[in-house]
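Novice: Below you will find the structure I want to go over with you.
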Amino acid sequence: MKPHCPLAAALSALTLAVATPASAIVIDIDATQNGSYIAGGPQYLLPGTVAQPYNAVQLTLDAGTYAITNAASTGYFSGWNFNGSGLGSTSNWVWSFQMAEHGGNIIEDAYMNDVRSSQAAMASQTGTLSWNGNTLLGSTTTAGFTDTFTLSHTTVLDFYVDDYNWGLGDNYGGVSLSISAVPETGSGSMLVAGLIAMASVAARKRKRN
């Protein structure tokens with residue numbers, strides 16, 4: 001039976017902790033509730049300009065880098081309809097959202113470049129996905145959307161669709177986003193490497209004894 005090595009056990013636990021990603025937070029943006037005060041729609045505002053969200057979904061995050069992905073490939077939050085007639089509408093289906101620092105500037109702005117005839121078609125749409133006003137990918141899907149953003153300090157974020165507050169009543173659907181912290185692999189790897197070296201020294205001492 002091998003002697004118990006507390007350092008090895010601690011190393012194993014730490015390696016697991018470093019390798020395990022943080023739990024994701026899901027944000028559901030409802031196109032009938034969460035919009036903007038900007039007449040004509042907030043699509044006229046770009047990242048770096050002051051946002052004016054109306055009844056935004058809010059989330060507070062600590063400083064760090066985060067991954068953001070589409071959390072709904074089907075269902076209510078897989079796309080939204082403007083100036084339509086609910087789920088049965090045959091026009092005006094889009095996938096888009098904006099994210100801004102509360103009381104501050106727009107950080108993220110994403111949308112698919114095409115308007116589709118149904119929610120299912122929008123949810124599986126492949127086309128040009130624009131991000132922050134610039135084309136990110138020429139061949140991606142709404143369901144496969146993914147990107148990262150970095151916060152330099154604890155921040156209250158506002159999430160909303162690009163439609164104005166008095167035009168939300170005839171909308172349907174929304175956008176669902178999954179947000180998770182990206183582990184700081186650099187510092188974690190250095191710590192693990194240091195502990196591995198310490199464990200090796202301890203093992204050699206046990207062998208000599």
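Chain identifiers are assigned as A, B, and so on, following the order in which chains appear in the structure tokens; residues are numbered from 1 within each chain, and ligands are numbered from 1 in order of appearance.
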Quick one: residues within 7 Å of segment 82-99 of chain A, only C-alpha atoms, excluding same-chain residues fewer than 5 positions away - as a PyMOL selection string?
Specialist: chain A and resi 106-112+115-119+122+142+157-162+170-172+175
Novice: Identify, on the basis of only C-alpha atoms, every residue whose closest approach to Asn105 of chain A does not exceed 6 Å; exclude the query and any residue fewer than 3 positions from it along the same chain; express the result as JSON, numbers by chain.
Specialist: {"A": [48, 49, 50, 51, 100, 101]}
Novice: Would you save the residues from that selection as a JSON list (two decimals), in the first residue's frame, using all heavy atoms?
Specialist:
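And here is the file that came out, selection.json:
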```json
[["chain", "number", "residue", "atom", "x", "y", "z"],
["A", 48, "GLY", "N", -19.56, 51.67, -28.26],
["A", 48, "GLY", "CA", -18.78, 52.85, -27.95],
["A", 48, "GLY", "C", -19.64, 54.09, -27.77],
["A", 48, "GLY", "O", -19.17, 55.12, -27.31],
["A", 49, "THR", "N", -20.94, 53.99, -28.14],
["A", 49, "THR", "CA", -21.87, 55.09, -27.91],
["A", 49, "THR", "C", -22.76, 54.76, -26.72],
["A", 49, "THR", "O", -22.93, 53.60, -26.36],
["A", 49, "THR", "CB", -22.73, 55.35, -29.16],
["A", 49, "THR", "OG1", -23.45, 54.15, -29.49],
["A", 49, "THR", "CG2", -21.87, 55.74, -30.34],
["A", 50, "VAL", "N", -23.33, 55.78, -26.11],
["A", 50, "VAL", "CA", -24.12, 55.58, -24.90],
["A", 50, "VAL", "C", -25.43, 54.88, -25.22],
["A", 50, "VAL", "O", -26.18, 55.30, -26.10],
["A", 50, "VAL", "CB", -24.40, 56.93, -24.20],
["A", 50, "VAL", "CG1", -25.28, 56.73, -22.97],
["A", 50, "VAL", "CG2", -23.09, 57.60, -23.80],
["A", 51, "ALA", "N", -25.71, 53.78, -24.52],
["A", 51, "ALA", "CA", -26.92, 53.00, -24.73],
["A", 51, "ALA", "C", -28.10, 53.64, -24.00],
["A", 51, "ALA", "O", -27.92, 54.35, -23.01],
["A", 51, "ALA", "CB", -26.71, 51.58, -24.22],
["A", 100, "ALA", "N", -24.91, 46.27, -23.12],
["A", 100, "ALA", "CA", -24.28, 47.55, -22.78],
["A", 100, "ALA", "C", -23.96, 47.61, -21.30],
["A", 100, "ALA", "O", -24.59, 46.94, -20.47],
["A", 100, "ALA", "CB", -25.21, 48.71, -23.16],
["A", 101, "GLU", "N", -22.99, 48.43, -20.96],
["A", 101, "GLU", "CA", -22.71, 48.72, -19.57],
["A", 101, "GLU", "C", -23.82, 49.62, -19.05],
["A", 101, "GLU", "O", -24.15, 50.63, -19.68],
["A", 101, "GLU", "CB", -21.36, 49.41, -19.43],
["A", 101, "GLU", "CG", -20.96, 49.70, -17.98],
["A", 101, "GLU", "CD", -19.55, 50.25, -17.85],
["A", 101, "GLU", "OE1", -18.85, 50.34, -18.89],
["A", 101, "GLU", "OE2", -19.16, 50.57, -16.72]]
```
Novice: One number please: atom CA of Asp30 of chain A to atom CA of Gly174 of chain A, in Å, one decimal.
Specialist: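 Spanning atom CA of Asp30 of chain A to atom CA of Gly174 of chain A is a straight-line distance of 4.6 Å.
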Novice: For Thr154 of chain A, which residue out of A:Ala123, A:Leu45, A:Ala63, A:Ile68 is the nearest one, using only C-alpha atoms?
Specialist: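 When distances to Thr154 of chain A are compared using only C-alpha atoms, the smallest one comes from A:Ala63.
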Novice: Do you have the atom CA of Ala121 of chain A-atom CA of Tyr164 of chain A distance handy?
Specialist: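 Distance reported for this atom pair: 24.0 Å.
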Novice: Could you write out, as a compact mmCIF listing (two decimals) with N, CA, C and O atoms, in the first residue's frame, all the residues of segment 25-203 of chain A that DSSP marks as strand (DSSP E or B)?
Specialist:
```txt
# COMPACT_ATOMS: atom_id res chain seq x y z
N ILE A 25 -24.36 31.15 -17.09
CA ILE A 25 -25.55 31.91 -16.73
C ILE A 25 -26.34 32.14 -18.01
O ILE A 25 -25.77 32.58 -19.01
N VAL A 26 -27.63 31.85 -17.99
CA VAL A 26 -28.46 32.03 -19.17
C VAL A 26 -29.29 33.30 -19.03
O VAL A 26 -29.95 33.52 -18.02
N ILE A 27 -29.22 34.13 -20.07
CA ILE A 27 -29.98 35.38 -20.13
C ILE A 27 -31.05 35.24 -21.21
O ILE A 27 -30.74 34.95 -22.36
N ASP A 28 -32.30 35.43 -20.84
CA ASP A 28 -33.41 35.39 -21.80
C ASP A 28 -33.89 36.81 -22.07
O ASP A 28 -34.43 37.48 -21.17
N ILE A 29 -33.70 37.28 -23.30
CA ILE A 29 -34.15 38.61 -23.70
C ILE A 29 -35.47 38.47 -24.43
O ILE A 29 -35.54 37.85 -25.50
N ASP A 30 -36.53 39.02 -23.86
CA ASP A 30 -37.86 38.89 -24.44
C ASP A 30 -38.14 40.11 -25.33
O ASP A 30 -38.12 41.24 -24.87
N GLY A 35 -36.38 46.31 -24.69
CA GLY A 35 -35.98 47.04 -25.89
C GLY A 35 -35.18 48.28 -25.58
O GLY A 35 -34.35 48.31 -24.67
N SER A 36 -35.44 49.35 -26.36
CA SER A 36 -34.65 50.58 -26.24
C SER A 36 -35.56 51.81 -26.29
O SER A 36 -36.67 51.76 -26.82
N VAL A 50 -23.33 55.78 -26.11
CA VAL A 50 -24.12 55.58 -24.90
C VAL A 50 -25.43 54.88 -25.22
O VAL A 50 -26.18 55.30 -26.10
N PRO A 53 -31.22 51.66 -23.05
CA PRO A 53 -32.12 50.50 -23.02
C PRO A 53 -33.42 50.79 -22.28
O PRO A 53 -33.46 51.62 -21.37
N TYR A 54 -34.46 50.08 -22.68
CA TYR A 54 -35.75 50.16 -22.02
C TYR A 54 -36.04 48.81 -21.37
O TYR A 54 -36.10 47.79 -22.04
N VAL A 57 -32.79 43.39 -19.47
CA VAL A 57 -32.43 42.29 -18.57
C VAL A 57 -31.03 42.60 -18.05
O VAL A 57 -30.12 42.88 -18.83
N GLN A 58 -30.86 42.56 -16.72
CA GLN A 58 -29.58 42.97 -16.14
C GLN A 58 -28.83 41.80 -15.53
O GLN A 58 -29.42 40.85 -15.01
N LEU A 59 -27.51 41.89 -15.60
CA LEU A 59 -26.62 40.89 -15.04
C LEU A 59 -25.37 41.60 -14.54
O LEU A 59 -24.81 42.43 -15.25
N THR A 60 -24.93 41.27 -13.31
CA THR A 60 -23.70 41.84 -12.76
C THR A 60 -22.59 40.79 -12.83
O THR A 60 -22.74 39.68 -12.34
N LEU A 61 -21.47 41.17 -13.45
CA LEU A 61 -20.33 40.27 -13.61
C LEU A 61 -19.07 40.92 -13.06
O LEU A 61 -18.88 42.13 -13.18
N GLY A 64 -13.12 40.21 -15.76
CA GLY A 64 -12.65 38.95 -16.36
C GLY A 64 -13.09 38.83 -17.80
O GLY A 64 -13.73 39.73 -18.36
N THR A 65 -12.76 37.71 -18.40
CA THR A 65 -13.14 37.42 -19.79
C THR A 65 -14.24 36.37 -19.79
O THR A 65 -14.17 35.39 -19.05
N TYR A 66 -15.24 36.58 -20.63
CA TYR A 66 -16.42 35.72 -20.67
C TYR A 66 -16.71 35.25 -22.09
O TYR A 66 -16.50 35.99 -23.05
N ALA A 67 -17.18 34.01 -22.18
CA ALA A 67 -17.66 33.48 -23.45
C ALA A 67 -19.17 33.68 -23.51
O ALA A 67 -19.87 33.51 -22.52
N ILE A 68 -19.65 34.07 -24.69
CA ILE A 68 -21.07 34.29 -24.87
C ILE A 68 -21.53 33.51 -26.10
O ILE A 68 -20.92 33.60 -27.16
N THR A 69 -22.57 32.70 -25.94
CA THR A 69 -23.07 31.85 -27.03
C THR A 69 -24.59 31.92 -27.09
O THR A 69 -25.25 32.35 -26.14
N ASN A 70 -25.14 31.46 -28.20
CA ASN A 70 -26.59 31.36 -28.34
C ASN A 70 -27.05 30.14 -27.54
O ASN A 70 -26.54 29.03 -27.74
N SER A 78 -35.45 31.49 -29.72
CA SER A 78 -34.54 31.16 -30.81
C SER A 78 -34.55 32.18 -31.94
O SER A 78 -33.84 32.03 -32.94
N GLY A 79 -35.35 33.21 -31.81
CA GLY A 79 -35.45 34.27 -32.80
C GLY A 79 -36.64 35.13 -32.44
O GLY A 79 -37.48 34.73 -31.64
N TRP A 80 -36.70 36.35 -33.00
CA TRP A 80 -37.83 37.20 -32.65
C TRP A 80 -38.41 37.89 -33.88
O TRP A 80 -37.76 38.03 -34.90
N ASN A 81 -39.67 38.26 -33.71
CA ASN A 81 -40.46 38.80 -34.80
C ASN A 81 -40.85 40.25 -34.49
O ASN A 81 -41.33 40.55 -33.41
N TRP A 93 -38.76 38.00 -39.24
CA TRP A 93 -38.07 37.24 -38.20
C TRP A 93 -36.57 37.56 -38.23
O TRP A 93 -35.95 37.53 -39.29
N VAL A 94 -36.02 37.87 -37.06
CA VAL A 94 -34.61 38.27 -36.97
C VAL A 94 -33.97 37.58 -35.77
O VAL A 94 -34.65 36.99 -34.92
N SER A 96 -31.06 39.07 -33.14
CA SER A 96 -30.15 40.17 -32.82
C SER A 96 -30.30 40.55 -31.36
O SER A 96 -31.33 40.28 -30.73
N PHE A 97 -29.28 41.16 -30.82
CA PHE A 97 -29.33 41.67 -29.45
C PHE A 97 -28.25 42.73 -29.27
O PHE A 97 -27.32 42.83 -30.08
N GLN A 98 -28.37 43.49 -28.20
CA GLN A 98 -27.31 44.42 -27.80
C GLN A 98 -27.04 44.23 -26.32
O GLN A 98 -27.93 43.88 -25.54
N MET A 99 -25.78 44.44 -25.94
CA MET A 99 -25.36 44.37 -24.55
C MET A 99 -24.59 45.64 -24.24
O MET A 99 -23.72 46.06 -25.01
N ALA A 100 -24.91 46.27 -23.12
CA ALA A 100 -24.28 47.55 -22.78
C ALA A 100 -23.96 47.61 -21.30
O ALA A 100 -24.59 46.94 -20.47
N GLU A 101 -22.99 48.43 -20.96
CA GLU A 101 -22.71 48.72 -19.57
C GLU A 101 -23.82 49.62 -19.05
O GLU A 101 -24.15 50.63 -19.68
N ASN A 105 -21.74 52.78 -22.20
CA ASN A 105 -21.66 52.50 -23.63
C ASN A 105 -22.11 51.09 -24.00
O ASN A 105 -22.06 50.17 -23.19
N ILE A 106 -22.52 50.94 -25.26
CA ILE A 106 -22.79 49.64 -25.83
C ILE A 106 -21.48 48.87 -25.95
O ILE A 106 -20.48 49.40 -26.43
N ILE A 107 -21.49 47.63 -25.48
CA ILE A 107 -20.30 46.78 -25.54
C ILE A 107 -20.39 45.82 -26.72
O ILE A 107 -19.43 45.64 -27.47
N GLU A 108 -21.55 45.21 -26.89
CA GLU A 108 -21.73 44.21 -27.94
C GLU A 108 -22.99 44.49 -28.76
O GLU A 108 -24.00 44.94 -28.22
N ASP A 109 -22.90 44.19 -30.04
CA ASP A 109 -24.03 44.37 -30.94
C ASP A 109 -23.95 43.27 -32.00
O ASP A 109 -23.01 43.23 -32.78
N ALA A 110 -24.88 42.35 -31.98
CA ALA A 110 -24.83 41.22 -32.91
C ALA A 110 -26.16 41.06 -33.62
O ALA A 110 -27.21 41.24 -33.03
N TYR A 111 -26.09 40.72 -34.91
CA TYR A 111 -27.31 40.45 -35.65
C TYR A 111 -27.00 39.64 -36.91
O TYR A 111 -25.91 39.73 -37.47
N MET A 112 -27.99 38.83 -37.33
CA MET A 112 -27.88 38.11 -38.59
C MET A 112 -28.39 39.03 -39.68
O MET A 112 -29.37 39.77 -39.47
N ARG A 116 -36.08 36.59 -42.04
CA ARG A 116 -36.64 35.32 -42.53
C ARG A 116 -38.16 35.28 -42.38
O ARG A 116 -38.76 36.12 -41.73
N THR A 126 -28.18 30.35 -41.83
CA THR A 126 -26.75 30.46 -42.08
C THR A 126 -26.53 31.67 -42.97
O THR A 126 -27.20 31.82 -43.99
N GLY A 127 -25.64 32.54 -42.57
CA GLY A 127 -25.41 33.73 -43.36
C GLY A 127 -24.31 34.57 -42.74
O GLY A 127 -23.50 34.08 -41.96
N THR A 128 -24.30 35.84 -43.08
CA THR A 128 -23.30 36.74 -42.55
C THR A 128 -23.74 37.23 -41.18
O THR A 128 -24.77 37.87 -41.04
N LEU A 129 -22.95 36.93 -40.18
CA LEU A 129 -23.24 37.38 -38.83
C LEU A 129 -22.39 38.61 -38.55
O LEU A 129 -21.17 38.57 -38.64
N SER A 130 -23.05 39.71 -38.24
CA SER A 130 -22.32 40.93 -37.92
C SER A 130 -22.21 41.08 -36.41
O SER A 130 -23.12 40.72 -35.67
N TRP A 131 -21.09 41.61 -35.97
CA TRP A 131 -20.79 41.70 -34.55
C TRP A 131 -20.08 43.01 -34.30
O TRP A 131 -19.07 43.32 -34.92
N ASN A 134 -19.19 45.11 -37.37
CA ASN A 134 -18.28 44.57 -38.36
C ASN A 134 -18.60 43.11 -38.62
O ASN A 134 -19.04 42.40 -37.73
N THR A 135 -18.41 42.66 -39.84
CA THR A 135 -18.68 41.26 -40.16
C THR A 135 -17.70 40.36 -39.43
O THR A 135 -16.49 40.51 -39.54
N LEU A 136 -18.21 39.42 -38.67
CA LEU A 136 -17.37 38.48 -37.93
C LEU A 136 -17.13 37.22 -38.76
O LEU A 136 -16.00 36.80 -38.94
N LEU A 137 -18.18 36.64 -39.27
CA LEU A 137 -18.07 35.41 -40.06
C LEU A 137 -19.03 35.47 -41.25
O LEU A 137 -20.14 35.97 -41.12
N GLY A 138 -18.59 34.96 -42.37
CA GLY A 138 -19.44 34.97 -43.55
C GLY A 138 -20.31 33.74 -43.68
O GLY A 138 -21.22 33.70 -44.48
N SER A 139 -20.05 32.72 -42.89
CA SER A 139 -20.83 31.48 -42.97
C SER A 139 -20.95 30.87 -41.59
O SER A 139 -20.20 29.98 -41.21
N THR A 140 -21.91 31.34 -40.85
CA THR A 140 -22.17 30.80 -39.51
C THR A 140 -23.67 30.70 -39.33
O THR A 140 -24.43 31.09 -40.20
N THR A 141 -24.11 30.16 -38.22
CA THR A 141 -25.54 30.05 -37.96
C THR A 141 -25.90 30.83 -36.71
O THR A 141 -25.05 31.07 -35.84
N THR A 146 -21.02 32.45 -31.28
CA THR A 146 -20.15 32.44 -30.11
C THR A 146 -19.13 33.57 -30.21
O THR A 146 -18.69 33.91 -31.31
N ASP A 147 -18.80 34.16 -29.09
CA ASP A 147 -17.76 35.19 -29.06
C ASP A 147 -17.33 35.37 -27.60
O ASP A 147 -17.85 34.71 -26.70
N THR A 148 -16.38 36.27 -27.36
CA THR A 148 -15.93 36.57 -26.01
C THR A 148 -15.92 38.08 -25.79
O THR A 148 -15.85 38.86 -26.76
N PHE A 149 -16.01 38.47 -24.53
CA PHE A 149 -15.85 39.88 -24.18
C PHE A 149 -15.12 39.96 -22.85
O PHE A 149 -15.13 39.02 -22.06
N THR A 150 -14.47 41.08 -22.60
CA THR A 150 -13.66 41.25 -21.39
C THR A 150 -14.12 42.48 -20.62
O THR A 150 -14.35 43.55 -21.21
N LEU A 151 -14.26 42.34 -19.31
CA LEU A 151 -14.62 43.43 -18.41
C LEU A 151 -13.43 43.77 -17.53
O LEU A 151 -12.81 42.87 -16.97
N THR A 155 -19.17 44.93 -13.35
CA THR A 155 -20.01 45.71 -14.26
C THR A 155 -21.44 45.19 -14.24
O THR A 155 -21.68 43.98 -14.27
N VAL A 156 -22.40 46.12 -14.22
CA VAL A 156 -23.80 45.79 -14.42
C VAL A 156 -24.07 45.89 -15.92
O VAL A 156 -23.86 46.94 -16.53
N LEU A 157 -24.51 44.80 -16.52
CA LEU A 157 -24.76 44.75 -17.95
C LEU A 157 -26.25 44.78 -18.26
O LEU A 157 -27.05 44.18 -17.55
N ASP A 158 -26.61 45.48 -19.32
CA ASP A 158 -27.97 45.53 -19.82
C ASP A 158 -28.06 44.75 -21.13
O ASP A 158 -27.25 44.95 -22.03
N PHE A 159 -29.04 43.85 -21.23
CA PHE A 159 -29.28 43.07 -22.44
C PHE A 159 -30.66 43.42 -22.99
O PHE A 159 -31.64 43.45 -22.23
N TYR A 160 -30.77 43.61 -24.31
CA TYR A 160 -32.06 43.98 -24.89
C TYR A 160 -32.03 43.75 -26.40
O TYR A 160 -30.96 43.55 -27.00
N TYR A 164 -37.58 49.58 -30.43
CA TYR A 164 -37.86 50.67 -29.50
C TYR A 164 -39.07 50.39 -28.63
O TYR A 164 -39.95 49.60 -28.97
N TYR A 172 -42.73 39.11 -30.99
CA TYR A 172 -42.86 37.76 -30.45
C TYR A 172 -41.46 37.15 -30.40
O TYR A 172 -40.61 37.42 -31.24
N GLY A 173 -41.23 36.32 -29.38
CA GLY A 173 -39.96 35.61 -29.29
C GLY A 173 -38.87 36.41 -28.61
O GLY A 173 -39.14 37.36 -27.87
N GLY A 174 -37.63 36.02 -28.86
CA GLY A 174 -36.51 36.70 -28.22
C GLY A 174 -35.20 36.01 -28.52
O GLY A 174 -35.09 35.23 -29.47
N VAL A 175 -34.22 36.31 -27.68
CA VAL A 175 -32.88 35.75 -27.83
C VAL A 175 -32.42 35.23 -26.46
O VAL A 175 -32.60 35.91 -25.45
N SER A 176 -31.86 34.04 -26.44
CA SER A 176 -31.34 33.45 -25.21
C SER A 176 -29.84 33.31 -25.34
O SER A 176 -29.34 32.76 -26.33
N LEU A 177 -29.10 33.80 -24.34
CA LEU A 177 -27.64 33.79 -24.38
C LEU A 177 -27.08 33.06 -23.17
O LEU A 177 -27.60 33.19 -22.07
N SER A 178 -26.03 32.30 -23.40
CA SER A 178 -25.32 31.61 -22.32
C SER A 178 -23.99 32.31 -22.11
O SER A 178 -23.22 32.51 -23.05
N ILE A 179 -23.71 32.68 -20.85
CA ILE A 179 -22.49 33.43 -20.53
C ILE A 179 -21.73 32.68 -19.46
O ILE A 179 -22.27 32.32 -18.41
N SER A 180 -20.45 32.43 -19.72
CA SER A 180 -19.62 31.71 -18.74
C SER A 180 -18.23 32.32 -18.70
O SER A 180 -17.72 32.82 -19.71
N ALA A 181 -17.62 32.28 -17.52
CA ALA A 181 -16.27 32.83 -17.36
C ALA A 181 -15.26 31.95 -18.06
O ALA A 181 -15.35 30.72 -18.05
```
Novice: In Å, with one decimal, what is the gap from atom CA of His102 of chain A to atom CA of Gly144 of chain A?
Specialist: 26.9 Å
